[in-house]
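For reference, the structure discussed in these notes is given below.
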Number of protein chains: 4
Amino acid sequence: MPGNTIGVLFKVTTWGESHGPATGAIIDGCPPGIDLSEADIQVELDRRRPGTLPSASTRSEADRVDILSGVFEGKTTGTPISLMIRNRDAKSDAYDGLRDLFRPGHGDITYQAKYGIRDHRGGGRASGRETAGRVAAGAVARKVIAQAGVTVGAWTRELGGIAARPLSLAAAETSPLRCPDPEAEKSMAARLEEARTAGDTLGGIVEIVVRGCPPGLGDPVFGKIDADLAGALMGIGTVKGVEIGAGFAAAGMTGSACNDPIGPEGFRTNHAGGILAGITSGADIVIRAACKPIPSIARPQETIDVQGQPAVVTVGGRHDVSVIPRIIPVCEAMVSIVLADHLMRQKAIRS
Amino acid sequence: MPGNTIGVLFKVTTWGESHGPATGAIIDGCPPGIDLSEADIQVELDRRRPGTLPSASTRSEADRVDILSGVFEGKTTGTPISLMIRNRDAKSDAYDGLRDLFRPGHGDITYQAKYGIRDHRGGGRASGRETAGRVAAGAVARKVIAQAGVTVGAWTRELGGIAARPLSLAAAETSPLRCPDPEAEKSMAARLEEARTAGDTLGGIVEIVVRGCPPGLGDPVFGKIDADLAGALMGIGTVKGVEIGAGFAAAGMTGSACNDPIGPEGFRTNHAGGILAGITSGADIVIRAACKPIPSIARPQETIDVQGQPAVVTVGGRHDVSVIPRIIPVCEAMVSIVLADHLMRQKAIRS
Amino acid sequence: MPGNTIGVLFKVTTWGESHGPATGAIIDGCPPGIDLSEADIQVELDRRRPGTLPSASTRSEADRVDILSGVFEGKTTGTPISLMIRNRDAKSDAYDGLRDLFRPGHGDITYQAKYGIRDHRGGGRASGRETAGRVAAGAVARKVIAQAGVTVGAWTRELGGIAARPLSLAAAETSPLRCPDPEAEKSMAARLEEARTAGDTLGGIVEIVVRGCPPGLGDPVFGKIDADLAGALMGIGTVKGVEIGAGFAAAGMTGSACNDPIGPEGFRTNHAGGILAGITSGADIVIRAACKPIPSIARPQETIDVQGQPAVVTVGGRHDVSVIPRIIPVCEAMVSIVLADHLMRQKAIRS
Amino acid sequence: MPGNTIGVLFKVTTWGESHGPATGAIIDGCPPGIDLSEADIQVELDRRRPGTLPSASTRSEADRVDILSGVFEGKTTGTPISLMIRNRDAKSDAYDGLRDLFRPGHGDITYQAKYGIRDHRGGGRASGRETAGRVAAGAVARKVIAQAGVTVGAWTRELGGIAARPLSLAAAETSPLRCPDPEAEKSMAARLEEARTAGDTLGGIVEIVVRGCPPGLGDPVFGKIDADLAGALMGIGTVKGVEIGAGFAAAGMTGSACNDPIGPEGFRTNHAGGILAGITSGADIVIRAACKPIPSIARPQETIDVQGQPAVVTVGGRHDVSVIPRIIPVCEAMVSIVLADHLMRQKAIRS
């Protein structure tokens with residue numbers, strides 16, 4: 001079934017395979033009259049590109065975006081915005097040995113089961129490269145929500161088991177690992193290097209914070225904003241868990257401790273993470289996404305081939321040691337897209 | 001915006017307020033020719049009714065379901081199945097004092113912000129009572145997925161901070177707290193009684209297990225099965241976190257430990273929780289939902305009224321001390337609905 | 001597939017079979033704060049009831065509507081509005097002989113082909129009775145569009161081959177045949193009586209006129225307002241053709257004759273029927289729907305039974321001689337629903 | 001609101017403006033394993049290109065399509081198929097004088113009303129050029145429905161008021177005007193030349209015929225196949241009327257004449273046009289679309305400018321005298337897309 005569209009009023013469709021000619025996104029429903037240039041999108045794509053740490057992928061994509069429609073004389077027109085990013089540095093040969101093997105932890109085996117055919121090169125559609133389209137669309141969503149005063153930021157809360165203290169988003173933005181806590185970042189970098197040397201990979205936890213969100217967004221009972229945010233984040237390849245506000249810790253609290261008292265000035269605590277009964281309350285939205293370690297490790301692994309015969313696979317290609325920090329703009333993009341959609345939904349009923 | 005429908009091919013719409021004349025659900029898209037009677041649905045509604053522990057709500061609803069359409073001579077016809085459950089024991093007077101107050105932890109304040117109007121009686125649409133429609137629809141979904149050999153069960157993994165050992169689903173089903181571990185259950189019951197006496201409430205963690213699910217379900221990249229399951233569970237009022245397979249623990253693992261090796265007999269571990277790249281792998285699907293404590297506590301709480309003035313609220317009404325165990329059939333229903341939808345989606349592309 | 005919902009933001013789902021316990025509709029997405037009572041809906045249902053002409057069906061349904069949710073203290077709350085209409089005068093026995101026969105011109109044979117099972121009583125879901133739910137939902141849509149100053153009316157332009165002059169909608173409303181032209185109405189009534197005596201039935205053409213519609217409604221290129229209106233009307237069981245503005249006559253015109261010149265005061269002609277490039281222009285929307293004769297005729301017809309064997313069928317039951325005038329409120333309801341949806345859609349992008 | 005997507009399971013999104021860098025389409029949900037090459041699509045795009053008659057546009061677009069994703073080694077993979085067609089021969093200067101004027105019969109005035117901004121060059125998104133994406137997607141739909149033995153053809157039934165006799169689709173395909181009746185075609189060509197000389201334009205009627213369609217397609221009551229087909233055709237810019245089977249003529253028939261008798265060998269007549277109660281019957285589907293004359297005439301017309309002041313406009317650019325025959329592959333594409341979607345929908349419930 002077609003699953004490559006998200007959103008009802010601000011609708012994003014992505015397309016493209018890791019080693020095809022291009023990847024891209026269509027945004028349908030973007031309000032007209034918004035200033036939009038390729039540079040606005042490029043800045044987000046650049047945040048997603050591999051860093052310069054040794055733990056980063058050496059695949060070098062310029063990731064230049066082209067706006068093919070929907071913008072006229074620098075402004076959105078309300079018609080579909082088509083964005084295209086050419087793939088240039090695709091080294092498909094590195095994947096020749098994987099044509100008939102299923103890499104553990106990857107979608108190879110499930111794509112084969114689902115479709116009976118798959119583009120094995122670089123993971124095909126299941127590649128992290130697909131997120132370039134999401135980030136491009138997210139850059140447009142950011143402009144839409146900025147009009148309502150909403151901002152979305154994210155930071156590395158944990159990497160390789162090392163937790164960071166929650167300092168400022170601004171500090172995170174200037175850190176190579178998007179970690180605002182310099183001490184923790186140092187330990188994280190060491191752990192990454194250790195893992196890289198060992199041919200292994202690491203996971204981590206990203207925290208996304210939404211500021212300035214008006215109350216009233218979210219559509220009970222199946223289009224709640226927390227449901228949509230959780231779905232949008234869990235749909236990122238690497239994410240295995242999502243929690244909002246107190247999250248899993250809420251399960252161990254009493255009601256008297258977990259309820260956020262309300263005063264004339266607002267909520268006195270934020271265990272709810274900015275959402276009550278699936279609708280934004282006006283408090284900051286706080287969400288955490290747990291990212292598994294990248295499954296492409298440089299060690300031999302037991303698997304089977306397409307005939308079901310036992311095999312050993314060693315994954316080549318050029319891979320990061322951790323999806324953090326590159327996953328951070330992806331998380332932000334998904335949250336921005338959901339918020340843009342819900343801001344428009346709410347305008348339809350009360351404006 | 002309309003948010004009361006879930007599913008694309010197996011489409012469930014619920015309606016109804018806590019203290020209105022009735023609640024219900026429409027199932028549109030149910031395959032024809034399936035045996036279906038009111039008794040099939042009643043059995044699930046009965047599992048959702050308050051138990052007999054002192055910690056349970058004393059609201060006594062028979063929750064009798066009527067099938068108003070879509071079934072002819074005991075079989076589904078492919079037309080919409082309309083289910084209605086009359087509300088009988090609604091004591092709206094208990095809520096008169098809450099007409100102008102916002103209960104902390106509840107949707108009162110956000111419904112008011114969203115709609116500018118709300119039915120304050122018993123939480124209106126935001127009441128847990130709304131889940132009766134979900135459970136009724138889930139009973140039909142169960143019959144659809146059973147045709148493909150898929151079963152869904154759930155158990156209490158944690159309650160009030162007390163963790164249970166993962167024993168059999170069958171043991172959970174016969175336990176009043178849906179906890180398969182008798183020792184843990186004993187402690188949970190004591191903790192519940194303690195909280196009840198203190199006028200407080202508790203949270204917990206539910207684990208849902210899907211068996212017999214064929215590989216290939218899920219629609220990348222925005223209709224992945226894990227995204228849809230996470231959204232469906234996070235959309236339950238009480239849920240603040242969702243994780244799949246290793247979940248948050250995966251964030252602290254290395255790739256070599258987290259990847260599930262594949263052998264001719266299947267996956268050797270199940271850190272993926274049965275889902276790879278958003279598509280089922282054929283392994284058991286394992287999901288956990290973190291439930292916050294019920295916000296209706298019997299203690300005075302600081303809040304504001306609809307004019308924004310400080311106030312103290314004491315919540316009356318008849319409430320459970322914990323959503324566990326009653327939330328368990330709701331979790332199962334949501335998972336069953338998502339699976340029914342995805343089984344049908346997959347048939348559309350390969351059958 | 002589920003096909004019983006129409007609309008994106010103002011979403012209507014109908015359910016129910018001709019001879020089941022009830023029929024109904026859910027409206028999800030109705031804006032909050034609108035005055036709504038059962039009487040508001042009843043007035044439209046009463047317009048749809050059989051008239052007192054000899055040519056009308058003698059099935060006598062009170063068609064009393066119950067609002068089961070979504071309204072609190074006389075106002076909509078933004079939550080789903082569940083409407084139910086009990087079936088009381090269902091005489092299923094009249095249909096016993098039709099269990100295994102396919103009536104020509106009816107959906108019996110296609111429902112059987114599609115679902116492999118059907119409720120044969122009174123046409124089941126394919127009965128004209130299903131439109132009661134549409135009319136009930138349309139009454140709510142009328143209230144929504146009235147807030148924007150939009151009104152929808154319709155009249156009998158042709159019946160049994162007799163054309164009426166286009167006089168006022170008000171005159172149509174007071175006529176038993178919804179025909180504003182008294183002379184034509186007299187001939188139509190005679191033709192109806194003639195057909196009734198002959199055991200035959202008649203078709204006709206309904207014209208729907210929308211006044212006060214703001215410019216800007218419609219979502220190119222697949223959600224154009226003319227596309228949505230055409231789909232909504234063609235989805236009425238009896239309709240075999242839809243045209244807008246000059247319609248089929250436009251095919252024979254030259255561009256210089258067909259184009260509507262624009263002046264400061266507006267369009268000088270209205271061959272476009274109020275819609276240009278799929279978007280309302282602010283001129284009156286004018287649509288015509290061609291209705292086939294009711295297929296239930298009182299004469300023997302050649303057909304086959306469910307085994308494919310030749311048979312002769314004579315249709316009993318209580319039927320009108322023409323869907324006109326009862327189809328008129330159904331056409332108005334469908335147009336009102338589409339307009340309510342598009343008014344809300346447009347608010348989402350510019351408000 | 002986003003309106004640029006059609007279909008539920010076979011989902012087509014188009015994008016692009018007349019004078020932007022490119023136009024295109026995304027097909028999401030195409031079944032995997034279908035042979036697909038650019039040549040398969042090119043053949044349909046070539047059928048849509050301007051002909052060589054004097055009455056044809058002189059804009060010369062090669063309309064070369066690129067497949068950017070979703071195809072691997074010559075077969076569809078089940079992932080989104082991104083198609084792009086570069087615009088090369090766009091002469092935007094010809095439109096400079098139209099920046100502030102609203103051409104009668106065009107969407108200029110309604111796009112301005114809807115979005116408050118518009119790309120005036122060549123009609124922007126409202127240009128007939130947008131249909132290139134539809135035709136490209138329709139070529140893929142054709143391959144999907146061909147697997148089920150379904151074919152779609154269309155012919156010129158009327159042009160400039162001249163009716164053609166209904167001869168073979170094969171004869172139509174080889175005619176420059178897609179008219180199977182050589183005599184009528186001769187008159188049509190003369191009428192076109194006459195109109196061209198007069199700086200005027202002509203309309204016509206297209207008939208679309210679907211052969212080999214299995215019974216059972218269509219989703220009552222709002223996703224009926226006739227509703228979807230009517231909506232899809234009415235959504236083509238030029239179409240002002242749609243009828244199925246006997247269509248408007250049915251309004252003047254009696255039930256005994258209009259009902260199609262059923263015999264063991266099938267339906268004895270086809271007034272229903274292959275659809276009963278919104279579901280295909282297995283008989284040929286026959287639909288007619290009434291096309292208005294192209295509004296771009298070479299004569300001065302009264303209009304207003306964006307400030308509402310009276311003005312006279314003379315439309316330059318390179319235009320056809322009639323949308324016929326170029327609209328024919330567009331009609332076929334829309335019908336093919338709807339059928340591909342419904343074939344997949346039906347597989348989901350019975351396969």
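How things are named: the first chain in the structure tokens is A, the next is B, and so on; residues count from 1 in each chain; ligands count from 1 in the order shown.
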
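Non-sequential neighbours of Ala333 of chain A (distance at most 9 Å, separation of 6 or more positions within a chain, only C-alpha atoms) are Glu44, Arg134, Val135, Ala136, Ala137, Gly138, Ala139, Ala141, Arg142 and Val152 of chain A.
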
Inset, instruction - Output the contact residues of chain B with respect to chain C at a cut-off of 8 Å, based on only C-alpha atoms, as a count of residues only. - result: 38

Legend entry - Selection: 9 Å around Pro215 of chain A, only C-alpha atoms, excl. self and same-chain fewer than 2 positions, as a list in words: Cys213, Leu217, Gly274, Ile275, Ile279, Thr280, Ser281, Gly282 and Ala283 of chain A; Thr110, Ala113 and Lys114 of chain B

For the residues in that selection, give me N, CA and C atoms as a PDB file, in the first residue's frame.
ATOM      1  N   CYS A 213       4.563  26.620  21.111  1.00  0.00           N
ATOM      2  CA  CYS A 213       3.414  25.971  20.464  1.00  0.00           C
ATOM      3  C   CYS A 213       2.106  26.441  21.105  1.00  0.00           C
ATOM      4  N   LEU A 217      -3.700  22.210  19.646  1.00  0.00           N
ATOM      5  CA  LEU A 217      -3.368  21.368  18.485  1.00  0.00           C
ATOM      6  C   LEU A 217      -3.518  19.892  18.845  1.00  0.00           C
ATOM      7  N   GLY A 274       3.807  18.850  27.655  1.00  0.00           N
ATOM      8  CA  GLY A 274       3.124  19.818  26.800  1.00  0.00           C
ATOM      9  C   GLY A 274       1.868  19.319  26.131  1.00  0.00           C
ATOM     10  N   ILE A 275       1.424  18.116  26.492  1.00  0.00           N
ATOM     11  CA  ILE A 275       0.264  17.517  25.816  1.00  0.00           C
ATOM     12  C   ILE A 275      -0.666  16.881  26.842  1.00  0.00           C
ATOM     13  N   ILE A 279      -3.859  16.854  23.121  1.00  0.00           N
ATOM     14  CA  ILE A 279      -3.951  18.229  22.619  1.00  0.00           C
ATOM     15  C   ILE A 279      -2.868  19.058  23.302  1.00  0.00           C
ATOM     16  N   THR A 280      -2.221  19.929  22.549  1.00  0.00           N
ATOM     17  CA  THR A 280      -1.166  20.749  23.151  1.00  0.00           C
ATOM     18  C   THR A 280      -1.763  21.680  24.208  1.00  0.00           C
ATOM     19  N   SER A 281      -0.957  21.884  25.258  1.00  0.00           N
ATOM     20  CA  SER A 281      -1.425  22.700  26.379  1.00  0.00           C
ATOM     21  C   SER A 281      -0.819  24.094  26.368  1.00  0.00           C
ATOM     22  N   GLY A 282       0.158  24.317  25.510  1.00  0.00           N
ATOM     23  CA  GLY A 282       0.871  25.590  25.501  1.00  0.00           C
ATOM     24  C   GLY A 282       2.222  25.493  26.195  1.00  0.00           C
ATOM     25  N   ALA A 283       2.407  24.462  27.019  1.00  0.00           N
ATOM     26  CA  ALA A 283       3.734  24.231  27.603  1.00  0.00           C
ATOM     27  C   ALA A 283       4.667  23.642  26.534  1.00  0.00           C
TER      28      ALA A 283
ATOM     29  N   THR B 110      -7.260  21.579  27.808  1.00  0.00           N
ATOM     30  CA  THR B 110      -6.889  21.559  26.385  1.00  0.00           C
ATOM     31  C   THR B 110      -8.129  21.447  25.485  1.00  0.00           C
ATOM     32  N   ALA B 113      -9.350  24.875  25.272  1.00  0.00           N
ATOM     33  CA  ALA B 113      -8.504  25.694  24.391  1.00  0.00           C
ATOM     34  C   ALA B 113      -8.762  25.353  22.928  1.00  0.00           C
ATOM     35  N   LYS B 114      -8.965  24.082  22.656  1.00  0.00           N
ATOM     36  CA  LYS B 114      -9.145  23.665  21.261  1.00  0.00           C
ATOM     37  C   LYS B 114     -10.502  24.070  20.710  1.00  0.00           C
TER      38      LYS B 114
END

Inset, instruction - For segment 313-330 of chain D, list every protein, DNA or RNA residue within 8 Å, evaluated using only C-alpha atoms, and leave out those in the same chain fewer than 6 positions away; present the list as a ChimeraX atom specification. - result: /D:44,47-50,55-59,94-95,98,101,103,122,131,134-135,154-156,159,176-178,192,195-196,200-204,206,238,291,293-294,296-303

Legend entry - Residue neighbourhood Lys186 of chain A, 12 Å, only C-alpha atoms, exclusion window fewer than 3 positions, as number ranges by chain: A: 159, 162-164, 175-183, 189-193
